[in-house]
file my_file01.txt (compact mmCIF, C-alpha atoms)
# COMPACT_ATOMS: atom_id res chain seq x y z
CA MET N 1 -42.72 50.38 50.45
CA LEU N 2 -44.71 47.23 49.66
CA ALA N 3 -47.84 49.30 49.08
CA ALA N 4 -45.98 51.61 46.73
CA MET N 5 -44.57 48.67 44.80
CA ALA N 6 -47.98 47.04 44.53
CA MET N 7 -49.65 50.22 43.34
CA GLY N 8 -46.95 50.77 40.76
CA ARG N 9 -47.05 47.18 39.60
CA SER N 10 -50.83 46.87 39.53
CA GLY N 11 -50.83 47.78 35.84
CA ILE N 12 -53.85 46.89 33.75
CA GLY N 13 -57.19 47.46 35.41
CA ALA N 14 -55.73 48.96 38.58
CA GLY N 15 -58.83 51.04 39.22
CA ARG N 16 -61.04 47.98 38.91
CA CYS N 17 -58.84 45.47 40.72
CA GLY N 18 -57.58 47.69 43.52
CA ASP N 19 -54.05 48.66 44.47
CA PHE N 20 -52.76 45.18 45.22
CA ALA N 21 -53.73 43.39 42.04
CA GLY N 22 -53.47 43.59 38.28
CA MET N 23 -55.83 42.43 35.58
CA VAL N 24 -54.81 39.66 33.17
CA ASN N 25 -57.27 38.45 30.55
CA GLY N 26 -60.13 40.06 32.41
CA GLU N 27 -59.25 38.52 35.78
CA CYS N 28 -57.76 40.26 38.83
CA TRP N 29 -54.54 38.61 39.99
CA PRO N 30 -52.99 39.19 43.44
CA ILE N 31 -49.73 41.10 43.14
CA GLU N 32 -47.73 38.18 44.57
CA HIS N 33 -49.09 35.97 41.76
CA LEU N 34 -48.00 38.48 39.15
CA LEU N 35 -44.54 38.84 40.65
CA ARG N 36 -43.79 35.15 40.20
CA TYR N 37 -43.40 35.90 36.51
CA ALA N 38 -40.60 38.36 37.21
CA GLY N 39 -37.13 37.63 35.96
CA SER N 40 -33.81 39.13 34.98
CA VAL N 41 -32.00 37.87 31.89
CA THR N 42 -28.24 38.30 31.75
CA LEU N 43 -27.31 41.02 29.28
CA GLY N 44 -24.94 39.05 27.09
CA PRO N 45 -23.44 40.44 23.86
CA THR N 46 -26.24 39.16 21.60
CA LEU N 47 -28.97 40.61 23.79
CA LEU N 48 -27.15 43.93 24.16
CA VAL N 49 -26.83 44.21 20.38
CA ALA N 50 -30.54 43.38 19.97
CA LEU N 51 -31.55 46.03 22.49
CA ASP N 52 -29.34 48.66 20.85
CA ALA N 53 -30.89 47.78 17.50
CA ALA N 54 -34.36 48.26 19.00
CA TYR N 55 -33.44 51.74 20.24
CA GLY N 56 -32.20 52.52 16.75
CA ALA N 57 -35.25 51.10 15.00
CA PHE N 58 -37.65 53.25 17.03
CA ALA N 59 -35.46 56.36 17.34
CA GLY N 60 -37.66 58.27 14.90
CA TYR N 61 -40.57 58.30 17.35
CA LEU N 62 -40.11 61.33 19.57
CA ARG N 63 -41.27 61.65 23.14
CA PRO N 64 -44.94 62.71 23.07
CA GLN N 65 -45.83 66.25 24.10
CA ARG N 66 -49.23 65.19 25.40
CA MET N 67 -51.08 61.94 25.98
CA GLU N 68 -54.67 60.85 25.67
CA ALA N 69 -55.98 58.81 28.57
CA SER N 70 -59.15 57.50 30.13
CA SER N 71 -60.79 59.35 33.00
CA MET N 72 -59.19 56.97 35.52
CA ARG N 73 -55.68 58.19 34.61
CA ASP N 74 -53.78 61.47 34.97
CA PRO N 75 -52.01 61.80 31.59
CA ALA N 76 -50.16 64.99 32.51
CA ARG N 77 -48.65 63.37 35.59
CA ILE N 78 -47.81 60.18 33.68
CA LEU N 79 -46.08 62.15 30.93
CA ALA N 80 -44.20 64.26 33.48
CA THR N 81 -42.84 61.07 35.04
CA LEU N 82 -41.89 59.66 31.65
CA SER N 83 -40.15 62.94 30.79
CA SER N 84 -38.14 63.11 34.01
CA ALA N 85 -35.13 61.29 32.54
CA PRO N 86 -33.71 60.33 29.13
CA LEU N 87 -35.44 57.29 27.62
CA ARG N 88 -32.59 54.87 28.36
CA ASP N 89 -32.38 56.09 31.96
CA LEU N 90 -36.03 55.66 32.91
CA THR N 91 -36.32 53.35 35.91
CA GLY N 92 -38.85 50.59 36.38
CA GLU N 93 -40.74 52.82 38.81
CA GLN N 94 -40.94 55.53 36.15
CA ILE N 95 -41.91 53.46 33.09
CA GLY N 96 -43.51 50.41 34.72
CA PRO N 97 -46.96 51.88 35.44
CA TYR N 98 -47.24 53.37 31.94
CA ALA N 99 -46.18 50.05 30.40
CA GLY N 100 -49.12 48.38 32.13
CA TRP N 101 -51.63 51.01 31.05
CA ALA N 102 -50.31 51.65 27.53
CA LEU N 103 -52.85 51.34 24.71
CA THR N 104 -55.58 50.15 27.08
CA THR N 105 -56.14 53.34 29.07
CA VAL N 106 -53.17 55.58 28.22
CA GLY N 107 -51.55 56.78 25.01
CA SER N 108 -51.41 55.85 21.35
CA VAL N 109 -49.48 53.36 19.25
CA THR N 110 -47.00 56.10 18.32
CA ASP N 111 -46.44 56.85 22.01
CA TYR N 112 -45.87 53.16 22.69
CA LYS N 113 -43.35 52.88 19.89
CA HIS N 114 -41.28 55.66 21.46
CA PHE N 115 -41.14 53.91 24.84
CA LEU N 116 -41.04 50.32 23.53
CA PRO N 117 -37.21 49.91 23.50
CA ARG N 118 -37.03 50.92 27.18
CA ILE N 119 -39.97 48.66 28.01
CA LEU N 120 -38.17 45.78 26.28
CA GLU N 121 -34.98 46.51 28.19
CA GLN N 122 -36.92 46.67 31.45
CA ALA N 123 -38.50 43.30 30.58
CA VAL N 124 -34.99 41.88 30.36
CA ARG N 125 -33.62 43.60 33.46
CA ASP N 126 -36.63 43.28 35.77
CA SER N 127 -40.00 42.15 34.47
CA SER N 128 -41.83 42.51 37.78
CA TRP N 129 -44.02 45.27 36.37
CA LEU N 130 -47.07 43.84 34.65
CA GLY N 131 -46.53 45.88 31.49
CA THR N 132 -42.92 44.72 31.24
CA GLN N 133 -43.75 41.02 31.37
CA PRO N 134 -43.04 39.49 27.96
CA PRO N 135 -46.52 38.06 27.27
CA VAL N 136 -48.11 41.41 28.14
CA ILE N 137 -45.76 43.23 25.76
CA ALA N 138 -46.73 40.69 23.11
CA SER N 139 -50.42 41.34 23.67
CA ARG N 140 -49.79 45.09 23.34
CA LEU N 141 -47.96 44.48 20.05
CA ASN N 142 -50.96 42.58 18.73
CA MET N 143 -53.24 45.36 19.92
CA ALA N 144 -51.05 47.82 18.01
CA GLU N 145 -51.28 45.66 14.85
CA TRP N 146 -47.53 45.32 14.87
CA ARG N 147 -47.49 43.08 11.79
CA SER N 148 -48.24 46.21 9.78
CA TRP N 149 -45.17 48.03 11.14
CA PRO N 150 -42.07 48.57 9.00
CA GLU N 151 -39.92 45.46 8.66
CA ALA N 152 -37.01 47.01 10.60
CA GLU N 153 -39.26 47.58 13.62
CA ARG N 154 -40.75 44.09 13.49
CA SER N 155 -37.32 42.53 13.15
CA ALA N 156 -35.94 44.53 16.08
CA VAL N 157 -38.72 43.32 18.36
CA ILE N 158 -38.33 39.68 17.33
CA GLN N 159 -34.57 39.78 17.81
CA VAL N 160 -34.94 41.05 21.38
CA PHE N 161 -37.52 38.37 22.15
CA MET N 162 -35.34 35.64 20.65
CA ALA N 163 -32.14 36.78 22.36
CA ALA N 164 -33.94 37.10 25.70
CA LEU N 165 -35.43 33.61 25.34
CA ARG N 166 -32.03 32.08 24.56
CA GLY N 167 -30.53 33.91 27.51
CA ALA N 168 -33.30 32.79 29.86
CA ILE N 169 -32.97 29.15 28.73
CA SER N 170 -29.29 29.20 29.71
CA GLN N 171 -30.00 30.60 33.18
CA HIS N 172 -31.32 29.04 36.35
CA PRO N 173 -35.08 29.62 36.83
CA ASP N 174 -34.41 31.42 40.11
CA GLU N 175 -32.29 33.97 38.24
CA ALA N 176 -34.12 34.48 34.96
CA GLY N 177 -37.64 33.55 35.95
CA GLY N 178 -39.23 31.32 33.35
CA ALA N 179 -38.00 31.09 29.80
CA SER N 180 -41.62 30.08 29.26
CA GLU N 181 -42.65 33.76 29.47
CA TRP N 182 -40.49 34.64 26.47
CA LEU N 183 -41.70 31.52 24.64
CA CYS N 184 -45.27 32.54 25.39
CA ALA N 185 -44.55 36.04 24.09
CA LEU N 186 -43.14 34.76 20.80
CA ALA N 187 -46.11 32.42 20.41
CA THR N 188 -48.51 35.26 21.20
CA ILE N 189 -47.17 37.41 18.37
CA GLY N 190 -47.46 34.46 16.00
CA GLU N 191 -43.82 33.45 15.57
CA ASP N 192 -42.99 29.87 14.58
CA ILE N 193 -41.79 28.26 17.79
CA GLN N 194 -40.95 24.83 16.36
CA PRO N 195 -37.29 25.73 15.58
CA ILE N 196 -37.00 27.09 19.13
CA LEU N 197 -38.31 23.88 20.67
CA GLN N 198 -36.07 21.74 18.47
CA ALA N 199 -32.97 23.68 19.49
CA TRP N 200 -34.01 23.68 23.15
CA VAL N 201 -34.38 19.90 23.39
CA ARG N 202 -31.02 19.34 21.69
CA ASP N 203 -29.37 21.05 24.67
CA ALA N 204 -31.71 19.71 27.36
CA ARG N 205 -29.32 19.56 30.28
CA GLY N 206 -28.40 21.80 33.19
CA ASN N 207 -30.32 25.07 33.29
CA ALA N 208 -31.95 24.38 29.92
CA LEU N 209 -33.52 21.22 31.36
CA LEU N 210 -34.59 23.07 34.51
CA GLN N 211 -36.31 25.63 32.31
CA ILE N 212 -38.12 22.80 30.47
CA ALA N 213 -39.26 21.49 33.85
CA ASN N 214 -40.43 25.01 34.67
CA LEU N 215 -42.46 25.06 31.46
CA ALA N 216 -43.86 21.59 32.19
CA MET N 217 -45.22 22.88 35.48
CA GLU N 218 -47.37 25.27 33.44
CA LEU N 219 -49.11 22.37 31.70
CA PRO N 220 -52.38 22.87 33.63
CA THR N 221 -52.69 26.29 31.99
CA LEU N 222 -51.65 24.96 28.58
CA VAL N 223 -54.17 22.11 28.49
CA SER N 224 -57.07 23.93 30.14
CA MET N 225 -60.09 24.69 27.96
CA ASP N 226 -61.02 27.62 30.21
CA ALA N 227 -59.51 30.91 29.02
CA HIS N 228 -59.50 32.21 32.61
CA GLU N 229 -57.28 29.32 33.66
CA GLN N 230 -54.96 29.73 30.68
CA LEU N 231 -53.64 33.03 32.07
CA PHE N 232 -51.01 34.47 29.68
CA TRP N 233 -51.36 31.46 27.38
CA ALA N 234 -54.93 32.49 26.55
CA ASP N 235 -53.58 34.75 23.80
CA VAL N 236 -51.70 31.88 22.15
CA ALA N 237 -53.37 29.94 19.33
CA SER N 238 -54.75 26.59 20.49
CA GLU N 239 -52.72 24.68 17.90
CA THR N 240 -49.53 26.27 19.23
CA ARG N 241 -50.39 25.33 22.80
CA THR N 242 -51.09 21.80 21.59
CA ALA N 243 -47.70 21.71 19.85
CA ILE N 244 -45.96 22.65 23.10
CA VAL N 245 -47.88 20.00 25.03
CA THR N 246 -46.96 17.41 22.39
CA TRP N 247 -43.30 18.47 22.61
CA LEU N 248 -43.30 18.13 26.39
CA ASN N 249 -44.77 14.63 25.99
CA SER N 250 -42.17 13.62 23.40
CA ALA N 251 -39.70 10.78 23.82
CA GLU N 252 -36.83 13.28 23.60
CA ILE N 253 -38.07 15.24 26.61
CA GLY N 254 -38.77 12.03 28.49
CA ALA N 255 -35.24 10.82 27.85
CA ALA N 256 -33.78 14.16 28.93
CA PHE N 257 -35.65 14.01 32.24
CA ALA N 258 -34.82 10.35 32.80
CA GLY N 259 -31.13 11.00 32.29
CA ALA N 260 -31.09 14.44 33.87
CA SER N 261 -27.53 15.69 33.75
CA GLU N 262 -25.70 18.68 35.19
CA ILE N 263 -28.49 19.14 37.75
CA ALA N 264 -27.68 19.97 41.37
CA GLU N 265 -29.26 17.71 43.98
CA SER N 266 -31.09 20.74 45.36
CA ASP N 267 -32.79 21.20 41.97
CA MET N 268 -33.93 17.64 41.40
CA TRP N 269 -37.33 18.50 42.84
CA ARG N 270 -37.90 20.64 39.74
CA ILE N 271 -37.22 17.65 37.50
CA ASP N 272 -39.57 15.51 39.59
CA GLU N 273 -42.30 18.14 39.46
CA GLY N 274 -41.88 18.57 35.71
CA MET N 275 -42.17 14.84 35.11
CA LYS N 276 -45.18 14.66 37.42
CA ALA N 277 -46.92 17.51 35.58
CA ILE N 278 -46.32 15.82 32.22
CA ALA N 279 -47.68 12.50 33.50
CA GLU N 280 -50.76 14.16 34.97
CA ALA N 281 -51.44 16.15 31.81
CA ALA N 282 -51.06 13.04 29.68
CA GLY N 283 -53.50 11.20 31.92
CA SER N 284 -56.07 13.99 31.80
CA THR N 285 -56.01 14.20 28.00
CA ARG N 286 -56.74 10.49 27.68
CA HIS N 287 -60.08 10.86 29.44

call {"tool": "encode", "arguments": {"input": "my_file01.txt", "output": "structure tokens"}}
result
Amino acid sequence: MLAAMAMGRSGIGAGRCGDFAGMVNGECWPIEHLLRYAGSVTLGPTLLVALDAAYGAFAGYLRPQRMEASSMRDPARILATLSSAPLRDLTGEQIGPYAGWALTTVGSVTDYKHFLPRILEQAVRDSSWLGTQPPVIASRLNMAEWRSWPEAERSAVIQVFMAALRGAISQHPDEAGGASEWLCALATIGEDIQPILQAWVRDARGNALLQIANLAMELPTLVSMDAHEQLFWADVASETRTAIVTWLNSAEIGAAFAGASEIAESDMWRIDEGMKAIAEAAGSTRH
């Protein structure tokens, strides 16, 4: 079962990386490294409405009758799997592999638009497939020149990303994974994240503060000058990464950590690790 999961989740560059890894920014990652980005965001009313709107926005793109693919893929088999159930009923096992290969080695932009609502929903429900991880979806959108899409389609995508981020911020990191993945996705597609950060710090307690600590622990990737070390953040503009680092170093975040409230004793290690990461990053940038 583990082998089957790893092969299905290997996503981008599977042929080059082997069955137990996926490729991110040109580097092969072990499957257990990729799975740490997995999460499940609670489907609250706002997120459900956003997902329904996405299905509506892309409803005009019909299921493809054939797919183009590189020689390392079997497009007929992939399409047969994707055609084995209605779009909304496709499981992660059915759509996950395609989501990882889409636009790089399988299918067109029009194909991707048809499956995008289900990929977005899978990202919310279980993002353990590489192609359903928010930053990877964002990179695919950029590859598809999504800024040239009709406004209704662009808006539908942004609303799902925003609703998922808000939902993740309100959940414990063990339940929703990192809200940082949705923040990274929004930054990758060029959205203004300053209003998001301002709202986040205003409610920096409980799970929201734990999610900030989770983001702080990613500071080594945010401050690194090596694109290989930046992982998913490599697709985010350097000025945006700098803005996030500055925000994490702000007096407001410091005060929130110092007066950490609504945090279980068993979660205080996250606060400590977040504060430690911020202090270490601040020290490294001074040299």

call {"tool": "closest_residue", "arguments": {"input": "my_file01.txt", "among": "N:Arg125, N:Val136, N:Lys113, N:Phe58", "to": "N:Ala234", "atoms": "all atoms listed in the file"}}
result
N:Val136

call {"tool": "residues_around", "arguments": {"input": "my_file01.txt", "residues": "stretch 269-278 of chain N", "least_positions_apart": "2", "cutoff": "9 Å", "atoms": "only C-alpha atoms", "output": "number ranges by chain"}}
result
N: 209-210, 212-220, 245, 248-249, 254, 257-258, 260, 263, 265-267, 280-283

call {"tool": "write_last_selection", "arguments": {"input": "my_file01.txt", "atoms": "C-alpha atoms", "output": "tab-separated table (two decimals), keeping the file's coordinate frame"}}
result
chain	number	residue	atom	x	y	z
N	209	LEU	CA	-33.52	21.22	31.36
N	210	LEU	CA	-34.59	23.07	34.51
N	212	ILE	CA	-38.12	22.80	30.47
N	213	ALA	CA	-39.26	21.49	33.85
N	214	ASN	CA	-40.43	25.01	34.67
N	215	LEU	CA	-42.46	25.06	31.46
N	216	ALA	CA	-43.86	21.59	32.19
N	217	MET	CA	-45.22	22.88	35.48
N	218	GLU	CA	-47.37	25.27	33.44
N	219	LEU	CA	-49.11	22.37	31.70
N	220	PRO	CA	-52.38	22.87	33.63
N	245	VAL	CA	-47.88	20.00	25.03
N	248	LEU	CA	-43.30	18.13	26.39
N	249	ASN	CA	-44.77	14.63	25.99
N	254	GLY	CA	-38.77	12.03	28.49
N	257	PHE	CA	-35.65	14.01	32.24
N	258	ALA	CA	-34.82	10.35	32.80
N	260	ALA	CA	-31.09	14.44	33.87
N	263	ILE	CA	-28.49	19.14	37.75
N	265	GLU	CA	-29.26	17.71	43.98
N	266	SER	CA	-31.09	20.74	45.36
N	267	ASP	CA	-32.79	21.20	41.97
N	280	GLU	CA	-50.76	14.16	34.97
N	281	ALA	CA	-51.44	16.15	31.81
N	282	ALA	CA	-51.06	13.04	29.68
N	283	GLY	CA	-53.50	11.20	31.92

call {"tool": "residues_around", "arguments": {"input": "my_file01.txt", "residues": "N:Ala123", "least_positions_apart": "3", "cutoff": "9 Å", "atoms": "all atoms listed in the file", "output": "PyMOL selection string"}}
result
chain N and resi 38-41+118-120+126-129+131-134+137

call {"tool": "residues_around", "arguments": {"input": "my_file01.txt", "residues": "N:Ile95", "least_positions_apart": "5", "cutoff": "8 Å", "atoms": "all atoms listed in the file", "output": "list in words"}}
result
Thr81, Leu82, Leu90 and Ile119 of chain N

call {"tool": "atom_distance", "arguments": {"input": "my_file01.txt", "atom1": "atom CA of N:Glu252", "atom2": "atom CA of N:Val201"}}
result
7.1 Å

call {"tool": "atom_distance", "arguments": {"input": "my_file01.txt", "atom1": "atom CA of N:Ile189", "atom2": "atom CA of N:Asn142"}}
result
6.4 Å

call {"tool": "closest_residue", "arguments": {"input": "my_file01.txt", "among": "N:Pro86, N:Ala279, N:Ala243, N:Ala179", "to": "N:Ala163", "atoms": "only C-alpha atoms"}}
result
N:Ala179

call {"tool": "atom_distance", "arguments": {"input": "my_file01.txt", "atom1": "atom CA of N:Leu51", "atom2": "atom CA of N:Tyr112"}}
result
16.0 Å

call {"tool": "residues_near_point", "arguments": {"input": "my_file01.txt", "point": "(-46.1, 27.0, 25.5)", "cutoff": "7 Å", "atoms": "all atoms listed in the file", "output": "list in words"}}
result
Ser180, Leu183, Cys184, Leu222, Arg241 and Ile244 of chain N

call {"tool": "closest_residue", "arguments": {"input": "my_file01.txt", "among": "N:Ala144, N:Ala208, N:Ala138, N:Ala152", "to": "N:Ile169", "atoms": "all atoms listed in the file"}}
result
N:Ala208

call {"tool": "decode", "arguments": {"input": "my_file01.txt", "residues": "stretch 74-96 of chain N", "atoms": "N, CA, C and O atoms", "output": "compact mmCIF listing (two decimals), in the first residue's frame"}}
result
# COMPACT_ATOMS: atom_id res chain seq x y z
N ASP N 74 1.17 7.61 -20.15
CA ASP N 74 0.19 6.85 -20.93
C ASP N 74 -1.11 7.66 -20.92
O ASP N 74 -1.95 7.47 -20.03
N PRO N 75 -1.28 8.58 -21.88
CA PRO N 75 -2.44 9.48 -21.83
C PRO N 75 -3.78 8.78 -21.88
O PRO N 75 -4.74 9.22 -21.25
N ALA N 76 -3.86 7.68 -22.62
CA ALA N 76 -5.14 6.96 -22.72
C ALA N 76 -5.53 6.39 -21.34
O ALA N 76 -6.69 6.47 -20.94
N ARG N 77 -4.56 5.84 -20.65
CA ARG N 77 -4.84 5.28 -19.33
C ARG N 77 -5.18 6.39 -18.34
O ARG N 77 -6.08 6.24 -17.51
N ILE N 78 -4.45 7.50 -18.41
CA ILE N 78 -4.72 8.63 -17.51
C ILE N 78 -6.13 9.15 -17.73
O ILE N 78 -6.89 9.38 -16.77
N LEU N 79 -6.51 9.32 -19.00
CA LEU N 79 -7.84 9.84 -19.31
C LEU N 79 -8.92 8.85 -18.89
O LEU N 79 -9.99 9.26 -18.42
N ALA N 80 -8.65 7.56 -19.06
CA ALA N 80 -9.63 6.55 -18.64
C ALA N 80 -9.87 6.64 -17.13
O ALA N 80 -11.02 6.54 -16.66
N THR N 81 -8.82 6.85 -16.37
CA THR N 81 -8.96 7.00 -14.92
C THR N 81 -9.76 8.25 -14.59
O THR N 81 -10.65 8.23 -13.74
N LEU N 82 -9.44 9.34 -15.27
CA LEU N 82 -10.14 10.60 -15.01
C LEU N 82 -11.59 10.57 -15.47
O LEU N 82 -12.38 11.41 -15.04
N SER N 83 -11.92 9.62 -16.34
CA SER N 83 -13.29 9.51 -16.86
C SER N 83 -14.10 8.45 -16.13
O SER N 83 -15.25 8.19 -16.48
N SER N 84 -13.51 7.85 -15.09
CA SER N 84 -14.15 6.72 -14.42
C SER N 84 -15.21 7.15 -13.41
O SER N 84 -15.90 6.30 -12.84
N ALA N 85 -15.35 8.45 -13.18
CA ALA N 85 -16.36 8.95 -12.24
C ALA N 85 -16.68 10.40 -12.61
O ALA N 85 -15.89 11.06 -13.29
N PRO N 86 -17.85 10.91 -12.20
CA PRO N 86 -18.14 12.33 -12.42
C PRO N 86 -17.05 13.18 -11.78
O PRO N 86 -16.41 12.78 -10.80
N LEU N 87 -16.84 14.39 -12.31
CA LEU N 87 -15.77 15.25 -11.86
C LEU N 87 -15.75 15.42 -10.34
O LEU N 87 -14.71 15.26 -9.69
N ARG N 88 -16.90 15.72 -9.75
CA ARG N 88 -16.95 15.97 -8.31
C ARG N 88 -16.72 14.71 -7.48
O ARG N 88 -16.49 14.80 -6.27
N ASP N 89 -16.78 13.54 -8.11
CA ASP N 89 -16.62 12.29 -7.37
C ASP N 89 -15.24 11.67 -7.54
O ASP N 89 -14.96 10.62 -6.95
N LEU N 90 -14.38 12.28 -8.33
CA LEU N 90 -13.04 11.74 -8.52
C LEU N 90 -12.28 11.74 -7.19
O LEU N 90 -12.27 12.73 -6.47
N THR N 91 -11.67 10.62 -6.86
CA THR N 91 -10.93 10.50 -5.62
C THR N 91 -9.52 11.06 -5.79
O THR N 91 -9.06 11.32 -6.91
N GLY N 92 -8.82 11.20 -4.67
CA GLY N 92 -7.44 11.64 -4.74
C GLY N 92 -6.60 10.69 -5.56
O GLY N 92 -5.73 11.11 -6.33
N GLU N 93 -6.84 9.38 -5.42
CA GLU N 93 -6.09 8.38 -6.17
C GLU N 93 -6.34 8.51 -7.67
O GLU N 93 -5.46 8.19 -8.48
N GLN N 94 -7.54 8.98 -8.04
CA GLN N 94 -7.86 9.12 -9.46
C GLN N 94 -7.32 10.41 -10.07
O GLN N 94 -6.81 10.41 -11.18
N ILE N 95 -7.42 11.51 -9.35
CA ILE N 95 -7.02 12.80 -9.92
C ILE N 95 -5.63 13.25 -9.47
O ILE N 95 -4.99 14.07 -10.13
N GLY N 96 -5.14 12.69 -8.36
CA GLY N 96 -3.86 13.13 -7.81
C GLY N 96 -2.68 13.01 -8.76
O GLY N 96 -1.93 13.97 -8.94
